[in-house]
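**Q** So I've got this file, target28.txt, and it contains compact mmCIF, C-alpha atoms:
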```txt
# COMPACT_ATOMS: atom_id res chain seq x y z
CA MET G 1 -66.74 -7.14 53.75
CA ARG G 2 -66.33 -8.53 50.38
CA THR G 3 -62.91 -9.71 49.05
CA ARG G 4 -61.90 -9.61 45.46
CA PRO G 5 -60.97 -12.84 43.82
CA LEU G 6 -57.19 -13.35 43.43
CA TRP G 7 -57.37 -14.41 39.82
CA TRP G 8 -58.29 -10.92 38.58
CA PRO G 9 -54.89 -9.22 39.18
CA VAL G 10 -53.04 -12.28 37.93
CA ALA G 11 -55.13 -12.34 34.72
CA ALA G 12 -54.61 -8.59 34.15
CA PHE G 13 -50.86 -8.94 34.67
CA GLY G 14 -50.73 -11.92 32.29
CA LEU G 15 -52.63 -9.99 29.64
CA VAL G 16 -50.24 -7.03 29.91
CA VAL G 17 -47.20 -9.34 29.67
CA ALA G 18 -48.69 -11.11 26.62
CA VAL G 19 -49.33 -7.81 24.83
CA VAL G 20 -45.82 -6.47 25.56
CA VAL G 21 -44.11 -9.71 24.51
CA GLY G 22 -46.27 -9.97 21.38
CA TRP G 23 -45.48 -6.40 20.40
CA ALA G 24 -41.74 -6.90 21.02
CA LEU G 25 -41.60 -10.11 19.00
CA TRP G 26 -43.86 -8.98 16.17
CA PRO G 27 -41.93 -9.24 12.90
CA GLU G 28 -41.07 -5.94 11.32
CA GLY G 29 -42.41 -5.32 7.86
CA GLU G 30 -40.12 -5.54 4.86
CA PRO G 31 -38.52 -2.22 4.05
CA GLU G 32 -39.99 -0.42 1.11
CA PRO G 33 -38.10 -1.28 -2.07
CA ARG G 34 -36.01 1.62 -3.23
CA GLN G 35 -35.92 2.45 -6.87
CA ARG G 36 -32.56 3.46 -8.26
CA ASP G 37 -32.92 6.46 -10.54
CA TYR G 38 -30.38 5.90 -13.29
CA ARG G 39 -28.96 8.54 -15.58
CA ALA G 40 -29.82 8.59 -19.26
CA GLU G 41 -26.38 7.24 -20.27
CA THR G 42 -25.73 3.55 -20.87
CA ALA G 43 -22.40 1.76 -21.12
CA CYS G 44 -22.52 -1.55 -22.99
CA LEU G 45 -20.20 -4.54 -23.01
CA LEU G 46 -19.87 -7.12 -25.78
CA THR G 47 -18.31 -10.42 -24.74
CA GLY G 48 -17.62 -13.76 -26.34
CA SER G 49 -19.82 -16.77 -25.68
CA GLY G 50 -18.45 -17.11 -22.13
CA GLY G 51 -20.26 -13.93 -21.14
CA VAL G 52 -19.24 -11.86 -18.14
CA ALA G 53 -18.05 -15.00 -16.33
CA ALA G 54 -15.19 -15.45 -18.82
CA PRO G 55 -11.81 -14.65 -17.21
CA GLU G 56 -11.07 -11.81 -19.64
CA ALA G 57 -14.55 -10.25 -19.24
CA ARG G 58 -14.97 -10.55 -15.48
CA PRO G 59 -12.77 -7.55 -14.49
CA VAL G 60 -14.33 -5.35 -17.18
CA TRP G 61 -17.87 -6.16 -16.04
CA THR G 62 -16.92 -5.75 -12.37
CA GLY G 63 -15.45 -2.32 -13.11
CA MET G 64 -18.53 -1.31 -15.07
CA GLN G 65 -20.81 -2.35 -12.22
CA GLU G 66 -18.64 -0.53 -9.68
CA ALA G 67 -18.81 2.67 -11.71
CA SER G 68 -22.54 2.24 -12.23
CA LEU G 69 -23.12 2.17 -8.47
CA ALA G 70 -21.07 5.33 -8.05
CA THR G 71 -22.39 7.29 -11.06
CA LEU G 72 -25.84 5.76 -11.75
CA VAL G 73 -24.91 5.14 -15.38
CA LYS G 74 -26.78 2.08 -16.66
CA VAL G 75 -24.62 -0.87 -17.69
CA GLN G 76 -25.56 -3.88 -19.77
CA PHE G 77 -23.82 -6.69 -21.59
CA LEU G 78 -24.42 -8.86 -24.61
CA GLU G 79 -22.76 -12.15 -25.54
CA VAL G 80 -21.84 -13.08 -29.10
CA ASP G 81 -24.06 -16.02 -29.94
CA GLY G 82 -23.11 -18.52 -32.60
CA PRO G 83 -19.74 -18.68 -34.34
CA GLN G 84 -17.06 -16.76 -32.47
CA THR G 85 -15.84 -14.81 -35.48
CA GLY G 86 -15.27 -11.12 -35.99
CA GLU G 87 -17.86 -11.07 -38.78
CA ASN G 88 -20.53 -12.58 -36.53
CA ALA G 89 -19.61 -10.27 -33.66
CA GLU G 90 -20.08 -7.24 -35.93
CA THR G 91 -23.84 -7.78 -35.94
CA PHE G 92 -23.90 -7.81 -32.14
CA LEU G 93 -21.82 -4.62 -31.95
CA ALA G 94 -24.16 -2.97 -34.45
CA SER G 95 -27.14 -3.88 -32.28
CA LEU G 96 -25.47 -2.20 -29.30
CA VAL G 97 -24.89 0.92 -31.41
CA GLN G 98 -28.57 0.87 -32.38
CA SER G 99 -29.45 0.56 -28.67
CA ARG G 100 -27.87 3.99 -28.22
CA CYS G 101 -25.08 2.92 -25.92
CA GLY G 102 -22.97 5.91 -24.94
CA VAL G 103 -19.84 3.81 -25.05
CA ILE G 104 -19.35 0.20 -26.11
CA LEU G 105 -16.65 -1.92 -24.50
CA ALA G 106 -15.52 -5.10 -26.24
CA VAL G 107 -13.62 -7.96 -24.64
CA GLY G 108 -12.71 -11.34 -26.06
CA ASP G 109 -11.22 -12.34 -29.39
CA ALA G 110 -14.27 -12.11 -31.68
CA PRO G 111 -15.74 -8.92 -30.17
CA VAL G 112 -12.38 -7.12 -30.32
CA ARG G 113 -11.85 -8.16 -33.97
CA ALA G 114 -15.27 -6.71 -34.78
CA VAL G 115 -14.56 -3.28 -33.32
CA ARG G 116 -12.58 -1.73 -36.18
CA PRO G 117 -15.01 -2.53 -39.04
CA THR G 118 -18.04 -1.66 -36.91
CA ALA G 119 -16.47 1.61 -35.76
CA ALA G 120 -15.88 2.53 -39.39
CA ARG G 121 -19.59 1.99 -40.16
CA PHE G 122 -20.70 4.00 -37.11
CA PRO G 123 -18.31 6.96 -36.74
CA SER G 124 -20.39 8.67 -34.05
CA ALA G 125 -20.29 5.64 -31.73
CA ARG G 126 -17.52 5.29 -29.15
CA PHE G 127 -15.70 1.99 -28.62
CA VAL G 128 -13.15 0.69 -26.12
CA ALA G 129 -11.43 -2.57 -27.09
CA PHE G 130 -9.71 -4.62 -24.41
CA GLY G 131 -7.13 -6.52 -26.42
CA ALA G 132 -5.24 -6.42 -29.70
CA ALA G 133 -7.11 -3.92 -31.85
CA THR G 134 -6.29 -0.94 -34.03
CA PRO G 135 -7.05 2.45 -32.50
CA GLY G 136 -9.05 4.92 -34.50
CA PRO G 137 -10.89 8.21 -34.15
CA ASN G 138 -13.71 6.54 -32.21
CA VAL G 139 -11.77 3.50 -30.93
CA VAL G 140 -9.66 3.42 -27.78
CA VAL G 141 -7.52 0.33 -27.30
CA GLU G 142 -6.71 -0.84 -23.79
CA GLN G 143 -3.72 -3.20 -23.72
CA ALA G 144 -3.64 -3.85 -19.95
CA THR G 145 -3.83 -7.53 -19.12
CA ASP G 146 -3.76 -7.69 -15.33
CA PRO G 147 -7.30 -7.78 -13.89
CA GLU G 148 -6.83 -4.81 -11.54
CA SER G 149 -5.72 -2.48 -14.35
CA VAL G 150 -8.50 -3.70 -16.63
CA GLN G 151 -11.08 -3.14 -13.90
CA ARG G 152 -9.75 0.37 -13.20
CA LYS G 153 -9.92 1.23 -16.89
CA ALA G 154 -13.54 0.04 -17.08
CA VAL G 155 -14.39 2.22 -14.06
CA GLU G 156 -12.71 5.19 -15.78
CA VAL G 157 -14.60 4.64 -19.04
CA VAL G 158 -18.03 4.46 -17.38
CA SER G 159 -17.24 7.36 -15.03
CA ALA G 160 -16.14 9.46 -17.99
CA LEU G 161 -19.49 8.76 -19.64
CA ALA G 162 -21.25 10.07 -16.54
CA SER G 163 -19.23 13.25 -16.47
CA GLY G 164 -19.38 13.87 -20.20
CA ARG G 165 -15.62 13.39 -20.67
CA ASP G 166 -14.15 11.34 -23.48
```
Show the structure stored in the file as C-alpha cells.
**A**
Amino acid sequence: MRTRPLWWPVAAFGLVVAVVVGWALWPEGEPEPRQRDYRAETACLLTGSGGVAAPEARPVWTGMQEASLATLVKVQFLEVDGPQTGENAETFLASLVQSRCGVILAVGDAPVRAVRPTAARFPSARFVAFGAATPGPNVVVEQATDPESVQRKAVEVVSALASGRD
C-alpha cells in the first residue's frame, strides 16, 4: 500500500490560509469621487485684503459655506487688492456684478464703502453690506457685530438666493 506524503495537506492548508489572509488584508480601492451638482445661482463675497481669514469676514464666509452645503448654491470670494479705499473696491464689486453673482455680500471697511456707489451704477444687482452703509433699493445693510448673528445672516442671504426669496 502506498502512503501519501504528509507535506501535501500541509501545503494545501497553507495555500488556503495565504489566500484568505491576502484577501482580507487587501486594501480597498479609493471610493469614487462624487461630483457635487451645484445650482445655477452664485453668492459672492468681497473682502478687504485680509480675505476670508479676517476676523470680520470669517463668520460671513462660514455662513455662506454652510448655506452652500445645504442649498448647493455656489459661493465664491474676492479680496480687494491694492489700496484699501472705497474707490478701489468699487472696481472689484463691479467685477463681481459682471460675474453674474445673484447676491454680493461685502465685509470690511473698503468693500462696504464701495457698495452704495456701485449699487447705484448697477440697479439690478443685489448687495448686502455688513457694516456701516446706507441702505437702498438694492442694498441691505446688516448691522450685527457678534459672529453668530453675522453667520446666521449670511446663511439666510444665501438660502434666500436658493429659494428665490429676496
**Q** Residues near Leu72 in chain G, anyone? I mean within 8 Å using only C-alpha atoms, not counting same-chain ones fewer than 3 positions away, as a ChimeraX atom specification.
**A** /G:36-39,67-69,162
**Q** Mind giving me the straight-line distance from CA of Ala70 in chain G to CA of Leu46 in chain G in Å, one decimal?
**A** 21.7 Å
**Q** Could you pull out every residue with an atom within 12 Å of (-11.7, 3.6, -13.0), file coordinates, counting all atoms listed in the file, and send them as a list in words?
**A** Pro59, Val60, Trp61, Thr62, Gly63, Met64, Gln65, Glu66, Ala67, Ser68, Ala70, Thr71, Glu148, Ser149, Val150, Gln151, Arg152, Lys153, Ala154, Val155, Glu156, Val157, Val158, Ser159, Ala160 and Leu161 of chain G
**Q** Rank G:Ala120, G:Gly102, G:Glu142, G:Val107 by their smallest atom-to-atom distance to Ser163 in chain G, using all atoms listed in the file, and report the top residue only.
**A**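 Closest to Ser163 in chain G of all the choices is G:Gly102.
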**Q** Nearest residue to Ala129 in chain G out of G:Val75, G:Val20, G:Leu45, G:Leu96, using only C-alpha atoms?
**A** G:Leu45
**Q** To one decimal in Å, tell me the separation between CA of Ala89 in chain G and CA of Ala40 in chain G.
**A**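 So the two atoms, CA of Ala89 in chain G and CA of Ala40 in chain G, lie 25.8 Å apart.
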**Q** Counting only C-alpha atoms, which of G:Pro117, G:Phe130, G:Leu105, G:Thr42 gets nearest to Pro147 in chain G?
**A**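 Residue with the minimum atom-to-atom distance to Pro147 in chain G: G:Phe130.
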